[in-house]
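Shown next: target28.pdb, containing PDB, C-alpha atoms.
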```pdb
ATOM      1  CA  MET A   1       0.000   0.000   0.000
ATOM      2  CA  THR A   2       1.205   3.516  -0.827
ATOM      3  CA  THR A   3       2.164   5.599   2.212
ATOM      4  CA  VAL A   4       1.876   9.387   2.054
ATOM      5  CA  LEU A   5       3.225  11.865   4.621
ATOM      6  CA  ILE A   6       1.048  14.983   4.975
ATOM      7  CA  VAL A   7       2.870  18.070   6.271
ATOM      8  CA  ASP A   8       0.470  20.945   7.009
ATOM      9  CA  ASP A   9       0.115  23.206  10.035
ATOM     10  CA  GLU A  10      -3.707  23.292   9.765
ATOM     11  CA  LEU A  11      -5.358  20.385  11.579
ATOM     12  CA  GLU A  12      -8.558  20.708   9.535
ATOM     13  CA  MET A  13      -6.616  20.412   6.269
ATOM     14  CA  ARG A  14      -4.628  17.410   7.539
ATOM     15  CA  ASN A  15      -7.841  15.647   8.531
ATOM     16  CA  LEU A  16      -9.504  16.456   5.208
ATOM     17  CA  ILE A  17      -6.602  15.077   3.176
ATOM     18  CA  GLU A  18      -6.447  11.940   5.312
ATOM     19  CA  VAL A  19     -10.119  11.270   4.557
ATOM     20  CA  MET A  20      -9.563  11.926   0.833
ATOM     21  CA  LEU A  21      -6.682   9.458   0.675
ATOM     22  CA  SER A  22      -8.106   6.771   2.949
ATOM     23  CA  ASN A  23     -11.067   6.455   0.568
ATOM     24  CA  SER A  24      -8.534   5.587  -2.169
ATOM     25  CA  ASN A  25      -6.738   2.947  -0.089
ATOM     26  CA  ILE A  26      -3.684   5.169   0.569
ATOM     27  CA  ASN A  27      -2.017   4.945   3.969
ATOM     28  CA  THR A  28      -1.202   8.289   5.616
ATOM     29  CA  PHE A  29       0.849   9.929   8.325
ATOM     30  CA  ALA A  30       0.089  13.559   9.189
ATOM     31  CA  VAL A  31       2.367  16.084  10.905
ATOM     32  CA  SER A  32       2.248  19.831  11.456
ATOM     33  CA  ASN A  33       5.820  20.991  10.782
ATOM     34  CA  GLY A  34       9.173  20.212   9.210
ATOM     35  CA  GLU A  35      10.840  18.831  12.334
ATOM     36  CA  GLU A  36       8.146  16.184  12.698
ATOM     37  CA  ALA A  37       8.431  15.436   8.979
ATOM     38  CA  TYR A  38      12.184  14.765   9.224
ATOM     39  CA  ARG A  39      11.560  12.326  12.083
ATOM     40  CA  TYR A  40       8.932  10.393  10.133
ATOM     41  CA  ILE A  41      11.135  10.219   7.035
ATOM     42  CA  ASN A  42      13.895   8.644   9.114
ATOM     43  CA  GLN A  43      11.581   6.189  10.891
ATOM     44  CA  TYR A  44       9.114   5.037   8.222
ATOM     45  CA  ASP A  45       9.002   4.031   4.559
ATOM     46  CA  ILE A  46       7.359   7.054   2.955
ATOM     47  CA  ASP A  47       6.432   6.884  -0.739
ATOM     48  CA  LEU A  48       5.421  10.536  -1.222
ATOM     49  CA  ILE A  49       5.160  13.785   0.739
ATOM     50  CA  LEU A  50       2.345  16.340   0.504
ATOM     51  CA  LEU A  51       3.973  19.551   1.725
ATOM     52  CA  ASP A  52       2.203  22.794   2.589
ATOM     53  CA  VAL A  53       4.131  25.919   1.573
ATOM     54  CA  MET A  54       2.879  28.487   4.088
ATOM     55  CA  MET A  55       3.734  27.181   7.553
ATOM     56  CA  PRO A  56       4.998  29.044  10.626
ATOM     57  CA  GLY A  57       8.683  28.592  11.365
ATOM     58  CA  GLU A  58      10.236  26.740   8.432
ATOM     59  CA  ASP A  59       8.070  27.192   5.348
ATOM     60  CA  GLY A  60       7.528  24.414   2.836
ATOM     61  CA  PHE A  61      10.317  25.575   0.519
ATOM     62  CA  THR A  62      12.856  25.398   3.360
ATOM     63  CA  VAL A  63      11.570  21.988   4.450
ATOM     64  CA  CYS A  64      11.859  20.731   0.858
ATOM     65  CA  LYS A  65      15.473  21.883   0.591
ATOM     66  CA  ARG A  66      16.368  20.083   3.820
ATOM     67  CA  ILE A  67      14.596  16.898   2.739
ATOM     68  CA  ARG A  68      16.451  16.940  -0.577
ATOM     69  CA  GLU A  69      19.755  16.841   1.327
ATOM     70  CA  ILE A  70      18.892  13.378   2.639
ATOM     71  CA  SER A  71      16.167  11.913   0.445
ATOM     72  CA  SER A  72      14.700  11.756  -3.069
ATOM     73  CA  ILE A  73      11.159  10.970  -1.850
ATOM     74  CA  PRO A  74       8.702  12.633  -4.291
ATOM     75  CA  ILE A  75       7.210  15.895  -3.004
ATOM     76  CA  ILE A  76       3.961  17.583  -4.059
ATOM     77  CA  PHE A  77       3.576  21.144  -2.788
ATOM     78  CA  LEU A  78       0.118  22.151  -1.534
ATOM     79  CA  THR A  79      -0.559  25.875  -1.268
ATOM     80  CA  ALA A  80      -3.113  28.647  -1.607
ATOM     81  CA  ARG A  81      -0.518  30.704  -3.517
ATOM     82  CA  ASP A  82      -0.846  30.366  -7.281
ATOM     83  CA  ALA A  83       1.796  32.880  -8.425
ATOM     84  CA  ASN A  84       3.873  31.471 -11.275
ATOM     85  CA  GLU A  85       7.153  32.413  -9.569
ATOM     86  CA  ASP A  86       6.173  30.295  -6.536
ATOM     87  CA  LYS A  87       5.462  27.305  -8.768
ATOM     88  CA  VAL A  88       8.801  27.740 -10.545
ATOM     89  CA  LYS A  89      10.622  28.028  -7.216
ATOM     90  CA  GLY A  90       8.948  24.927  -5.842
ATOM     91  CA  LEU A  91       9.822  22.814  -8.866
ATOM     92  CA  THR A  92      13.354  24.202  -9.094
ATOM     93  CA  ILE A  93      14.307  23.385  -5.499
ATOM     94  CA  GLY A  94      13.196  19.777  -5.774
ATOM     95  CA  GLY A  95       9.408  19.555  -5.803
ATOM     96  CA  ASP A  96       7.823  17.087  -8.220
ATOM     97  CA  ASP A  97       4.426  18.790  -8.536
ATOM     98  CA  TYR A  98       2.565  21.854  -7.269
ATOM     99  CA  MET A  99      -1.151  21.940  -6.382
ATOM    100  CA  VAL A 100      -3.165  25.032  -5.516
ATOM    101  CA  LYS A 101      -5.833  24.821  -2.803
ATOM    102  CA  PRO A 102      -8.700  24.104  -2.924
ATOM    103  CA  PHE A 103      -8.600  20.835  -4.842
ATOM    104  CA  THR A 104     -10.816  17.791  -5.172
ATOM    105  CA  ALA A 105     -10.066  14.330  -3.857
ATOM    106  CA  SER A 106     -10.021  12.887  -7.369
ATOM    107  CA  GLU A 107      -7.460  15.469  -8.553
ATOM    108  CA  LEU A 108      -5.229  14.910  -5.529
ATOM    109  CA  VAL A 109      -5.248  11.135  -5.909
ATOM    110  CA  ALA A 110      -4.609  11.424  -9.658
ATOM    111  CA  ARG A 111      -1.633  13.740  -9.065
ATOM    112  CA  ILE A 112      -0.192  11.365  -6.464
ATOM    113  CA  HIS A 113      -0.419   8.377  -8.807
ATOM    114  CA  ALA A 114       1.031  10.415 -11.700
ATOM    115  CA  VAL A 115       4.064  11.481  -9.648
ATOM    116  CA  LEU A 116       4.603   7.936  -8.369
ATOM    117  CA  ARG A 117       4.511   6.619 -11.939
ATOM    118  CA  ARG A 118       7.052   9.224 -13.060
ATOM    119  CA  THR A 119       9.396   8.598 -10.162
ATOM    120  CA  GLY A 120       9.037   4.827 -10.176
ATOM    121  CA  ASN A 121       8.156   4.708  -6.474
ATOM    122  CA  HIS A 122       5.143   2.508  -7.190
ATOM    123  CA  ILE A 123       7.415  -0.255  -8.560
ATOM    124  CA  GLU A 124       8.772  -2.971  -6.312
ATOM    125  CA  PRO A 125      12.021  -3.879  -8.048
ATOM    126  CA  THR A 126      12.367  -7.596  -8.723
ATOM    127  CA  ASN A 127      15.399  -7.289 -10.979
ATOM    128  CA  TYR A 128      17.929  -4.706 -12.020
ATOM    129  CA  LYS A 129      18.771  -2.829 -15.159
ATOM    130  CA  TYR A 130      21.920  -0.830 -14.729
ATOM    131  CA  ILE A 131      23.618   1.783 -16.839
ATOM    132  CA  GLN A 132      27.269   2.139 -15.890
ATOM    133  CA  TYR A 133      29.515   5.015 -16.922
ATOM    134  CA  GLY A 134      32.813   5.508 -15.161
ATOM    135  CA  LEU A 135      32.206   5.737 -11.430
ATOM    136  CA  ILE A 136      28.445   6.256 -11.809
ATOM    137  CA  LYS A 137      25.874   3.452 -11.884
ATOM    138  CA  LEU A 138      22.188   4.105 -12.540
ATOM    139  CA  ASP A 139      19.492   1.549 -11.647
ATOM    140  CA  GLU A 140      16.651   2.100 -14.133
ATOM    141  CA  ILE A 141      14.207  -0.179 -12.287
ATOM    142  CA  ALA A 142      14.561   1.365  -8.826
ATOM    143  CA  ARG A 143      15.457   4.771 -10.313
ATOM    144  CA  LYS A 144      18.472   5.102  -8.035
ATOM    145  CA  VAL A 145      21.962   6.429  -8.690
ATOM    146  CA  TYR A 146      25.200   5.223  -7.142
ATOM    147  CA  VAL A 147      28.736   6.539  -7.103
ATOM    148  CA  GLY A 148      30.682   3.425  -6.294
ATOM    149  CA  SER A 149      28.532   1.679  -3.683
ATOM    150  CA  GLU A 150      27.057   4.897  -2.250
ATOM    151  CA  ASN A 151      23.518   5.972  -3.112
ATOM    152  CA  VAL A 152      23.131   9.554  -4.362
ATOM    153  CA  PRO A 153      19.628  10.939  -3.602
ATOM    154  CA  LEU A 154      18.418  12.960  -6.589
ATOM    155  CA  THR A 155      15.244  14.837  -7.411
ATOM    156  CA  LEU A 156      13.139  13.616 -10.318
ATOM    157  CA  LYS A 157      14.534  16.199 -12.740
ATOM    158  CA  GLU A 158      18.134  15.628 -11.640
ATOM    159  CA  TYR A 159      17.649  11.898 -12.184
ATOM    160  CA  GLU A 160      16.107  12.438 -15.623
ATOM    161  CA  LEU A 161      18.961  14.733 -16.656
ATOM    162  CA  LEU A 162      21.574  12.205 -15.551
ATOM    163  CA  HIS A 163      19.660   9.356 -17.206
ATOM    164  CA  LEU A 164      19.575  11.241 -20.518
ATOM    165  CA  PHE A 165      23.287  12.043 -20.269
ATOM    166  CA  MET A 166      24.253   8.460 -19.437
ATOM    167  CA  LEU A 167      22.210   7.072 -22.319
ATOM    168  CA  ASN A 168      23.915   9.519 -24.675
ATOM    169  CA  PRO A 169      27.483  10.174 -23.459
ATOM    170  CA  LYS A 170      29.533  12.743 -25.385
ATOM    171  CA  THR A 171      26.355  14.213 -26.939
ATOM    172  CA  VAL A 172      26.157  18.005 -26.593
ATOM    173  CA  TYR A 173      22.725  19.280 -25.518
ATOM    174  CA  SER A 174      21.714  22.920 -25.599
ATOM    175  CA  ARG A 175      19.745  24.291 -22.667
ATOM    176  CA  GLU A 176      16.708  24.578 -24.932
ATOM    177  CA  GLN A 177      16.995  20.916 -25.921
ATOM    178  CA  LEU A 178      17.213  19.883 -22.274
ATOM    179  CA  LEU A 179      14.153  21.967 -21.443
ATOM    180  CA  GLU A 180      12.242  20.253 -24.224
ATOM    181  CA  ARG A 181      13.408  16.745 -23.292
ATOM    182  CA  ILE A 182      13.166  16.952 -19.501
ATOM    183  CA  TRP A 183      10.591  19.686 -18.870
ATOM    184  CA  ASP A 184       7.418  20.540 -20.733
ATOM    185  CA  ILE A 185       8.203  22.399 -23.925
ATOM    186  CA  ASP A 186       6.261  25.445 -22.693
ATOM    187  CA  TYR A 187       7.774  25.355 -19.195
ATOM    188  CA  ALA A 188       7.896  28.905 -17.854
ATOM    189  CA  GLY A 189      11.053  28.565 -15.789
ATOM    190  CA  GLY A 190      13.463  29.367 -18.631
ATOM    191  CA  THR A 191      16.946  28.082 -19.264
ATOM    192  CA  ARG A 192      18.183  29.184 -15.841
ATOM    193  CA  THR A 193      16.261  26.209 -14.460
ATOM    194  CA  VAL A 194      18.558  23.900 -16.444
ATOM    195  CA  ASP A 195      21.657  25.601 -15.051
ATOM    196  CA  THR A 196      20.308  25.331 -11.497
ATOM    197  CA  HIS A 197      19.597  21.609 -11.820
ATOM    198  CA  ILE A 198      22.991  20.945 -13.413
ATOM    199  CA  LYS A 199      24.665  22.778 -10.527
ATOM    200  CA  THR A 200      22.836  20.780  -7.854
ATOM    201  CA  LEU A 201      23.456  17.515  -9.737
ATOM    202  CA  ARG A 202      27.190  18.222  -9.794
ATOM    203  CA  LEU A 203      27.221  19.160  -6.109
ATOM    204  CA  LYS A 204      25.466  15.929  -5.122
ATOM    205  CA  LEU A 205      27.833  13.809  -7.203
ATOM    206  CA  ALA A 206      30.825  15.743  -5.830
ATOM    207  CA  LYS A 207      29.869  14.781  -2.260
ATOM    208  CA  HIS A 208      30.850  11.238  -3.233
ATOM    209  CA  SER A 209      33.451  11.830  -5.958
ATOM    210  CA  LYS A 210      34.876  15.011  -7.452
ATOM    211  CA  GLU A 211      35.829  13.024 -10.559
ATOM    212  CA  ALA A 212      32.243  11.817 -11.094
ATOM    213  CA  SER A 213      30.895  15.363 -10.791
ATOM    214  CA  GLU A 214      33.249  16.474 -13.557
ATOM    215  CA  TYR A 215      31.606  14.094 -16.054
ATOM    216  CA  VAL A 216      28.876  16.741 -16.428
ATOM    217  CA  GLN A 217      30.740  19.231 -18.577
ATOM    218  CA  THR A 218      29.828  22.726 -19.696
ATOM    219  CA  VAL A 219      30.179  23.405 -23.417
ATOM    220  CA  TRP A 220      30.542  27.163 -23.408
ATOM    221  CA  GLY A 221      28.047  29.032 -25.539
ATOM    222  CA  ILE A 222      26.026  25.872 -26.230
ATOM    223  CA  GLY A 223      25.040  23.773 -23.223
ATOM    224  CA  TYR A 224      26.229  20.546 -21.611
ATOM    225  CA  ARG A 225      27.602  17.088 -22.337
ATOM    226  CA  PHE A 226      28.432  14.004 -20.267
ATOM    227  CA  GLU A 227      31.947  12.664 -20.752
ATOM    228  CA  LYS A 228      34.863  11.408 -18.700
ATOM    229  CA  ASN A 229      37.929  13.619 -18.698
ATOM    230  CA  LYS A 230      40.732  12.106 -20.738
TER     231      LYS A 230
END
```

Show me this structure written as C-alpha cells.
Amino acid sequence: MTTVLIVDDELEMRNLIEVMLSNSNINTFAVSNGEEAYRYINQYDIDLILLDVMMPGEDGFTVCKRIREISSIPIIFLTARDANEDKVKGLTIGGDDYMVKPFTASELVARIHAVLRRTGNHIEPTNYKYIQYGLIKLDEIARKVYVGSENVPLTLKEYELLHLFMLNPKTVYSREQLLERIWDIDYAGGTRTVDTHIKTLRLKLAKHSKEASEYVQTVWGIGYRFEKNK
C-alpha cells in the first residue's frame, strides 16, 4: 500500500486530506511541521510527501530543501498561492508537482499516482537494469543512482537529466533541448532552471566523488555534455 506523509500546520486540512486518501486505499501519516516530517522520514518508509508551503517557522520551501539533502522521496507542494514564480521556485528546489488549494479528492489522488509513476516509487524492483559510466551506476528499475557503492539521492529532474546524459554520453545538448526533453516544452522557468539543476546535480555527485561530478561538462556558448575527462 502507498504511504503518504502529509505536512500541514492546519489540523482541519490534515484531517480532510487523510479522509480523501483513505477512501482511495492510501495509507497516511500527518504532521504539522518540518521537524516532525524529518523524524517520520527517518523512521518510516514514505512513498510521497504532501507539503504545505505556508507554515509558521520553516516554510515548505525550506523543508523541501532540507529533505532533498537526505532523500529523493517525491514531493507535491500544496498551497493557496498560485503565483507562477512560486510554482517555478517549488519545482526548481526539488518539488515534483505543485497543487493550488482548494482541490478535489479525485485530482489529488490522480496527481499522487502520476508522480509515483514518473518517479518509479510505485514499482517494487524484482530485478535490475543498470547503466554504468565511469564511477556512476544508474538503476533504471529502482530509479536510483550510485557513485561506487554509495547511493546519491536525486530529485526527479536531476535523475532524468543524468539518465539522458548516461544514455547519450559525449552528446552536446543545448539548454533549450534539455528543457524540451526533460521539462514541458512550454515550461515557464526558462533556461536558468537547467543551469540550477545541473549545478545541484554536480554538487550531489561531488559529495561522493569530485571526478564523477566532472563528467557533467559545460560546453561554453552551447550547453552541456556528459563525458569522462581524458

Name the residues that the PyMOL selection byres ((chain A and resi 66) around 12) pulls out of this structure, and write them as an MDAnalysis selection string.
chainID A and resid 34:35 37:38 41 58:65 67:73 93:95

Distance query Val7 in chain A at most 7 Å, only C-alpha atoms, self and fewer than 4 positions along chain excluded, as a list in words
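Listing them by chain and then by number gives Ala30, Val31, Ser32, Asn33, Ala37, Leu50, Leu51 and Asp52 of chain A.
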
Would you kindly return, as JSON, numbers by chain, each protein, DNA or RNA residue with an atom no farther than 8 Å from any atom of range 171-181 of chain A, considering only C-alpha atoms and excluding same-chain residues fewer than 6 positions away?
{"A": [161, 165, 187, 190, 191, 194, 195, 219, 222, 223, 224, 225, 226]}

Neighbouring residues of Val4 in chain A were defined as those with any atom within 7 Å, considering only C-alpha atoms; residues of the same chain fewer than 2 positions away were excluded. Please report them as a PyMOL selection string.
chain A and resi 2+6+27-29+46-49

Would you work out the distance separating CA of Ile198 in chain A from CA of Leu154 in chain A, expressed in Å to one decimal?
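Distance reported for this atom pair: 11.5 Å.
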
I need the residue nearest Glu18 in chain A from this list: A:Ala105, A:Thr79, A:Thr196, A:Gly57. Use all atoms listed in the file for the distance.
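Among the listed residues, A:Ala105 lies closest to Glu18 in chain A.
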
Output the residue selection produced by the PyMOL selection byres ((chain A and resi 109) around 12) on the file above, formatted as a PDB file with C-alpha atoms, in the frame of the given file.
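The result, written out as out-v7.pdb:
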```pdb
ATOM      1  CA  THR A   2       1.205   3.516  -0.827  1.00  0.00           C
ATOM      2  CA  VAL A   4       1.876   9.387   2.054  1.00  0.00           C
ATOM      3  CA  ILE A  17      -6.602  15.077   3.176  1.00  0.00           C
ATOM      4  CA  GLU A  18      -6.447  11.940   5.312  1.00  0.00           C
ATOM      5  CA  VAL A  19     -10.119  11.270   4.557  1.00  0.00           C
ATOM      6  CA  MET A  20      -9.563  11.926   0.833  1.00  0.00           C
ATOM      7  CA  LEU A  21      -6.682   9.458   0.675  1.00  0.00           C
ATOM      8  CA  SER A  22      -8.106   6.771   2.949  1.00  0.00           C
ATOM      9  CA  ASN A  23     -11.067   6.455   0.568  1.00  0.00           C
ATOM     10  CA  SER A  24      -8.534   5.587  -2.169  1.00  0.00           C
ATOM     11  CA  ASN A  25      -6.738   2.947  -0.089  1.00  0.00           C
ATOM     12  CA  ILE A  26      -3.684   5.169   0.569  1.00  0.00           C
ATOM     13  CA  LEU A  48       5.421  10.536  -1.222  1.00  0.00           C
ATOM     14  CA  LEU A  50       2.345  16.340   0.504  1.00  0.00           C
ATOM     15  CA  ILE A  76       3.961  17.583  -4.059  1.00  0.00           C
ATOM     16  CA  MET A  99      -1.151  21.940  -6.382  1.00  0.00           C
ATOM     17  CA  PHE A 103      -8.600  20.835  -4.842  1.00  0.00           C
ATOM     18  CA  THR A 104     -10.816  17.791  -5.172  1.00  0.00           C
ATOM     19  CA  ALA A 105     -10.066  14.330  -3.857  1.00  0.00           C
ATOM     20  CA  SER A 106     -10.021  12.887  -7.369  1.00  0.00           C
ATOM     21  CA  GLU A 107      -7.460  15.469  -8.553  1.00  0.00           C
ATOM     22  CA  LEU A 108      -5.229  14.910  -5.529  1.00  0.00           C
ATOM     23  CA  ALA A 110      -4.609  11.424  -9.658  1.00  0.00           C
ATOM     24  CA  ARG A 111      -1.633  13.740  -9.065  1.00  0.00           C
ATOM     25  CA  ILE A 112      -0.192  11.365  -6.464  1.00  0.00           C
ATOM     26  CA  HIS A 113      -0.419   8.377  -8.807  1.00  0.00           C
ATOM     27  CA  ALA A 114       1.031  10.415 -11.700  1.00  0.00           C
ATOM     28  CA  VAL A 115       4.064  11.481  -9.648  1.00  0.00           C
ATOM     29  CA  LEU A 116       4.603   7.936  -8.369  1.00  0.00           C
TER      30      LEU A 116
END
```

Please indicate the distance in Å from CA of Arg117 in chain A to CA of His163 in chain A, rounded to one decimal place.
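Between these atoms lies a distance of 16.3 Å.
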